[in-house]
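Engineer: Starting off with a structure, shown below.
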2 protein chains.
Amino acid sequence: MGSGVEEGPEAIPHGGDLGAARRLFPAAPEPWIDLSTGINPVPYPLPPFEASALHRLPSPDNLARLKTAAAEAYGAPDADHVAAAPGTQILIETLPRLVERTRVAVVGPTYAEHAAAWARGGHAVEVVPDLAGAAGAGVVVAVSPNNPDGRVFSPHDLRRAAAPGGLAVLDQAFADLEDTAPAAPGPGLVVLRSFGKTFGLAGLRLGFALAEPALARRLEAALGPWAVSGPAIAAGCLALPDAGWRREAADARGQDAARLDRMIVRAGGRLIGGTVLFRTAAFADGPGLFRRLGEAGIYVRRFPERPDELRFGLPPDKAAWCRLSRILK
Amino acid sequence: MGSGVEEGPEAIPHGGDLGAARRLFPAAPEPWIDLSTGINPVPYPLPPFEASALHRLPSPDNLARLKTAAAEAYGAPDADHVAAAPGTQILIETLPRLVERTRVAVVGPTYAEHAAAWARGGHAVEVVPDLAGAAGAGVVVAVSPNNPDGRVFSPHDLRRAAAPGGLAVLDQAFADLEDTAPAAPGPGLVVLRSFGKTFGLAGLRLGFALAEPALARRLEAALGPWAVSGPAIAAGCLALPDAGWRREAADARGQDAARLDRMIVRAGGRLIGGTVLFRTAAFADGPGLFRRLGEAGIYVRRFPERPDELRFGLPPDKAAWCRLSRILK
């Protein structure tokens, strides 16, 4: 095929794919309960979109409003320190292409797309168990709180681990509903924030990088104009400034997480960690529990490389809690 | 800023930015009539989105349904020949990075992002006046029908112009409502199709590349999972199979275009060409007419490098037609 088009990479498996769950457990009762992601099960209440948000090209003025709202919500100095994107995933894909090839240390195990994207960008990537193992790398990447184990890394420690003049990438996809202070971007630090998980609107595709203005502009230029949809801009402008909703969501989901922990422990699970949006635990027979849950129409996240561990998202409603508690006993 | 982040490029000006229009003509009457784009002014009628389209990550199964609908609507062999993206713009950005550096000929003048994206990808780019000027290039790019002059290029001629083993890129962003036959992808040919322009849903961000399966997969892999939003998938699955709507839209917009042509000629314009979604004409005093329209709250597209030319999108309703006809007389 034409001028040297290279071969494609393997896809990384992810949560949230109920089609895959149905193929694994074709006899499971419907409706499925999807606990395989860390998406807030109680979405931000949106009014219907205005026709112009669907019809017109997203306007630079509305995008600027969205970025100002993001800067305020996430503690960045101003909109110039914000790059908006259709989900953080595409920022994870894009960033490695804007940085000169170097040694990259990803603190893991963690969200697998980080290491894969830096490798696709031609960098020498190593997954290291902690920040000590990352010392001196040109780029250091950590997710905080980490997915799936909930470990927390400070931007200060991350930057100290990177080589002088290097880059620290702090993915705070699950930080919004936590007590941890938000990290402000600064020289040598990029912070990623996910709108969809916090506000339960993952289908809209909206995520942000907080970075020095020069890098924020480079990220947006790489995505081209109109990368963020009109509906995503409208939702972000409404939900990001709503600190009250976010506080109540943090409280309510925190109680859900504590309840889930009690169920997991009662079922013999050893809690490893998590965030208010998911809990990870090890079980004597992880594959067996995954199967019992699946046969009951409950899809949780498993990890092929650590078969004893399962990750549970939060049940969305009373019926889902009841069905889950019948298996976790 | 960290490991060798390079400088950003200049932004290319585009239509559709009413904020820019208001800054140019602060005394113009509201509401503005935006004729600066080629977006269908009568959108496809969508029902409200289901909550799950906003809440859940876009599912691989729904994405597969969208790609099957796109393959059928656009005349590609099957879904494997389709890459879906949040707008064709990001495909224009991505494609040059997947092709080995070569000489690229873009038939112009045309949509400026093509040449800019291939240049950003490190290729040697030349804007050539016709396909003869493109002969022997490793990659040949043409928009058909062309924006802004409506010139039509056949996939066969495009592939013949490219060097043996080279790549032809045919951007059919404005082909859906035209009589021209859709181009099926084949070895050495990539076809781009725009959902938002045809269906008047540019804010949703949805576009497609039709290509050989290996290249289609590479394009999607470069965007990463969940690049297309839930609302865009839902709208595409509904609108793409609706051949009746598309036929009626082509008729109605064709009549609009003919009416617009009569107005332009009556106003002393010399028609250059266009599609059923926009008309381009030269005027004795293009900058003067642009200003008179702007002062009346009507925003059309001008071209800094060809000041006599103006491009008109279609007025959306009777009031807009009346206001336009008061200036074009």
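Just so we're on the same page: first chain in the structure tokens is A, next is B, and so on; residues restart at 1 for each chain, and ligands are numbered from 1 in the order they show up.
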Any chance you could tabulate, as a Markdown table, the residues of chain A at most 6 Å from chain B with each one's nearest atom pair and distance in Å to one decimal, using only C-alpha atoms, in chain and rising number order?
Structural biologist:
| residue | atom | partner | partner_atom | distance |
| --- | --- | --- | --- | --- |
| A:Met1 | CA | B:Gly188 | CA | 5.7 |
| A:Gly2 | CA | B:Gly166 | CA | 4.7 |
| A:Ser3 | CA | B:Gly166 | CA | 5.1 |
| A:Gly4 | CA | B:Glu100 | CA | 5.5 |
| A:Val5 | CA | B:Val99 | CA | 5.2 |
| A:Gly8 | CA | B:Arg218 | CA | 5.1 |
| A:Asp17 | CA | B:Ser59 | CA | 5.8 |
| A:Ala53 | CA | B:Gly203 | CA | 5.6 |
| A:Leu54 | CA | B:Gly203 | CA | 4.3 |
| A:His55 | CA | B:Leu201 | CA | 4.2 |
| A:Arg56 | CA | B:Gly203 | CA | 5.1 |
| A:Leu57 | CA | B:Gly203 | CA | 4.7 |
| A:Pro58 | CA | B:Gly203 | CA | 5.5 |
| A:Ser59 | CA | B:Asp17 | CA | 5.8 |
| A:Leu98 | CA | B:Val5 | CA | 5.8 |
| A:Val99 | CA | B:Val5 | CA | 5.2 |
| A:Glu100 | CA | B:Gly4 | CA | 5.5 |
| A:Gly165 | CA | B:Gly2 | CA | 5.0 |
| A:Gly166 | CA | B:Gly2 | CA | 4.6 |
| A:Leu167 | CA | B:Gly2 | CA | 4.8 |
| A:Pro187 | CA | B:Met1 | CA | 5.7 |
| A:Gly188 | CA | B:Gly2 | CA | 4.9 |
| A:Gly200 | CA | B:His55 | CA | 5.5 |
| A:Leu201 | CA | B:His55 | CA | 4.2 |
| A:Ala202 | CA | B:Leu57 | CA | 5.1 |
| A:Gly203 | CA | B:Leu54 | CA | 4.3 |
| A:Leu204 | CA | B:Ser229 | CA | 5.3 |
| A:Arg205 | CA | B:Ser229 | CA | 5.7 |
| A:Arg218 | CA | B:Gly8 | CA | 5.1 |
| A:Ser229 | CA | B:Leu204 | CA | 5.3 |
| A:Gly230 | CA | B:Gly203 | CA | 4.7 |
Engineer: List as a list of chain:residue names the protein and nucleic acid residues near A:Ser144, meaning an atom at most 6 Å away when only C-alpha atoms are counted, but skip any in the same chain fewer than 4 places from it.
Structural biologist: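 Near neighbours after the sequence-gap exclusion: A:Val152, A:Phe153, A:Gln172.
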Engineer: With C-alpha atoms retained, export the selected residues as a short mmCIF file (atom, residue, chain, number, x, y, z; two decimals), in the first residue's frame.
Structural biologist:
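Full text of out01.cif as output:
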data_model
loop_
_atom_site.label_atom_id
_atom_site.label_comp_id
_atom_site.auth_asym_id
_atom_site.auth_seq_id
_atom_site.Cartn_x
_atom_site.Cartn_y
_atom_site.Cartn_z
CA VAL A 152 -0.19 8.62 44.67
CA PHE A 153 2.78 10.53 43.24
CA GLN A 172 -4.42 12.76 37.08
#
Engineer: So which residues touch B:Arg247 within 9 Å, counting only C-alpha atoms, skipping near sequence neighbours fewer than 5 positions away, as a compact mmCIF listing (two decimals) with N, CA and C atoms, in the first residue's frame?
Structural biologist:
# COMPACT_ATOMS: atom_id res chain seq x y z
N LEU B 177 -23.43 15.48 -1.95
CA LEU B 177 -24.67 16.02 -2.51
C LEU B 177 -24.51 16.36 -4.00
N ASP B 242 -29.62 6.92 5.35
CA ASP B 242 -30.86 7.58 4.93
C ASP B 242 -30.68 8.21 3.54
N ALA B 252 -32.83 20.06 -2.91
CA ALA B 252 -33.17 21.35 -2.32
C ALA B 252 -31.95 22.28 -2.32
Engineer: One decimal, Å: what's the distance from atom CA of B:Pro304 over to atom CA of B:Pro31, could you say?
Structural biologist: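 About the pair atom CA of B:Pro304 and atom CA of B:Pro31: they are 25.5 Å apart.
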Engineer: Show which residues sit within 7 Å of B:Val300, as an MDAnalysis selection string. Count only C-alpha atoms, and ignore same-chain residues fewer than 3 positions away.
Structural biologist: chainID B and resid 34:36 290 310:312
Engineer: Going by DSSP on the backbone, which bits of stretch 53-263 of chain B are strand (DSSP E or B)? Write them as JSON, numbers by chain, please.
Structural biologist: {"B": [82, 83, 84, 85, 103, 104, 105, 106, 107, 124, 125, 126, 127, 128, 139, 140, 141, 142, 143, 167, 168, 169, 170, 171, 186, 189, 190, 191, 192, 193, 194, 207, 208, 209, 210]}
Engineer: Given the selection you just returned, output its residues as a file containing N, CA and C atoms, formatted as a compact mmCIF listing (two decimals), in the first residue's frame.
Structural biologist:
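File again31.txt, as written:
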# COMPACT_ATOMS: atom_id res chain seq x y z
N VAL B 82 -12.62 1.26 6.05
CA VAL B 82 -13.05 2.54 6.60
C VAL B 82 -12.27 2.85 7.87
N ALA B 83 -11.77 4.07 7.99
CA ALA B 83 -11.26 4.58 9.26
C ALA B 83 -12.17 5.74 9.66
N ALA B 84 -12.71 5.66 10.88
CA ALA B 84 -13.59 6.72 11.38
C ALA B 84 -12.78 7.64 12.29
N ALA B 85 -13.10 8.93 12.24
CA ALA B 85 -12.31 9.91 13.01
C ALA B 85 -13.22 11.05 13.46
N ARG B 103 8.09 13.38 -2.08
CA ARG B 103 7.62 14.60 -2.72
C ARG B 103 6.09 14.54 -2.80
N VAL B 104 5.44 15.60 -2.33
CA VAL B 104 3.98 15.65 -2.29
C VAL B 104 3.50 16.80 -3.16
N ALA B 105 2.58 16.51 -4.08
CA ALA B 105 1.98 17.55 -4.91
C ALA B 105 0.52 17.72 -4.50
N VAL B 106 0.14 18.95 -4.12
CA VAL B 106 -1.24 19.27 -3.79
C VAL B 106 -1.79 20.15 -4.90
N VAL B 107 -2.90 19.70 -5.53
CA VAL B 107 -3.49 20.50 -6.60
C VAL B 107 -4.25 21.67 -5.97
N ALA B 124 8.34 17.04 1.25
CA ALA B 124 8.62 18.17 0.35
C ALA B 124 7.35 18.46 -0.42
N VAL B 125 6.67 19.57 -0.08
CA VAL B 125 5.33 19.84 -0.60
C VAL B 125 5.37 20.94 -1.65
N GLU B 126 4.63 20.70 -2.73
CA GLU B 126 4.50 21.68 -3.79
C GLU B 126 3.01 21.83 -4.09
N VAL B 127 2.52 23.06 -4.19
CA VAL B 127 1.15 23.26 -4.64
C VAL B 127 1.21 23.47 -6.14
N VAL B 128 0.53 22.59 -6.89
CA VAL B 128 0.61 22.60 -8.36
C VAL B 128 -0.77 22.99 -8.91
N VAL B 139 3.21 11.39 -3.47
CA VAL B 139 1.84 11.54 -3.00
C VAL B 139 1.20 12.68 -3.80
N VAL B 140 -0.01 12.43 -4.32
CA VAL B 140 -0.76 13.47 -5.03
C VAL B 140 -2.07 13.70 -4.27
N VAL B 141 -2.35 14.95 -3.93
CA VAL B 141 -3.54 15.30 -3.15
C VAL B 141 -4.42 16.23 -3.97
N ALA B 142 -5.72 15.90 -4.05
CA ALA B 142 -6.67 16.82 -4.69
C ALA B 142 -8.00 16.75 -3.95
N VAL B 143 -8.69 17.87 -3.91
CA VAL B 143 -10.03 17.95 -3.34
C VAL B 143 -11.00 17.95 -4.51
N LEU B 167 0.95 7.26 -3.61
CA LEU B 167 -0.35 7.35 -2.96
C LEU B 167 -1.13 8.55 -3.52
N ALA B 168 -2.40 8.31 -3.86
CA ALA B 168 -3.29 9.39 -4.28
C ALA B 168 -4.28 9.65 -3.15
N VAL B 169 -4.43 10.92 -2.76
CA VAL B 169 -5.35 11.29 -1.69
C VAL B 169 -6.44 12.16 -2.30
N LEU B 170 -7.67 11.64 -2.30
CA LEU B 170 -8.80 12.33 -2.91
C LEU B 170 -9.74 12.77 -1.80
N ASP B 171 -9.80 14.06 -1.55
CA ASP B 171 -10.65 14.60 -0.49
C ASP B 171 -12.02 14.91 -1.10
N GLY B 186 -8.83 1.95 -3.19
CA GLY B 186 -8.14 0.84 -3.83
C GLY B 186 -6.67 0.99 -3.54
N LEU B 189 -4.88 4.47 -3.19
CA LEU B 189 -5.87 5.56 -3.17
C LEU B 189 -6.52 5.66 -1.80
N VAL B 190 -6.50 6.86 -1.23
CA VAL B 190 -7.23 7.15 0.00
C VAL B 190 -8.28 8.19 -0.33
N VAL B 191 -9.52 7.95 0.10
CA VAL B 191 -10.61 8.89 -0.12
C VAL B 191 -11.06 9.43 1.23
N LEU B 192 -11.19 10.74 1.36
CA LEU B 192 -11.69 11.35 2.59
C LEU B 192 -13.13 11.81 2.39
N ARG B 193 -14.00 11.52 3.37
CA ARG B 193 -15.40 11.95 3.30
C ARG B 193 -15.76 12.65 4.60
N SER B 194 -16.55 13.72 4.46
CA SER B 194 -16.93 14.54 5.61
C SER B 194 -18.40 14.35 5.93
N GLY B 207 -15.74 12.21 10.52
CA GLY B 207 -15.23 12.12 9.15
C GLY B 207 -14.61 10.75 8.94
N PHE B 208 -14.37 10.43 7.69
CA PHE B 208 -13.92 9.08 7.35
C PHE B 208 -12.79 9.11 6.33
N ALA B 209 -11.91 8.13 6.44
CA ALA B 209 -10.99 7.81 5.36
C ALA B 209 -11.37 6.44 4.83
N LEU B 210 -11.49 6.35 3.50
CA LEU B 210 -11.69 5.05 2.85
C LEU B 210 -10.35 4.66 2.27
Engineer: Determine which residues of stretch 39-265 of chain A DSSP labels as alpha helix (DSSP H) from the backbone of this structure, then write them out as a PyMOL selection string.
Structural biologist: chain A and resi 51-55+60-74+88-94+113-120+131-134+155-161+195-199+213-223+230-239+243-265
Engineer: Find, counting only C-alpha atoms, the residue in A:Leu238, A:Pro185, A:Gly38, A:Ala116 that gets nearest to A:Val276.
Structural biologist: A:Gly38
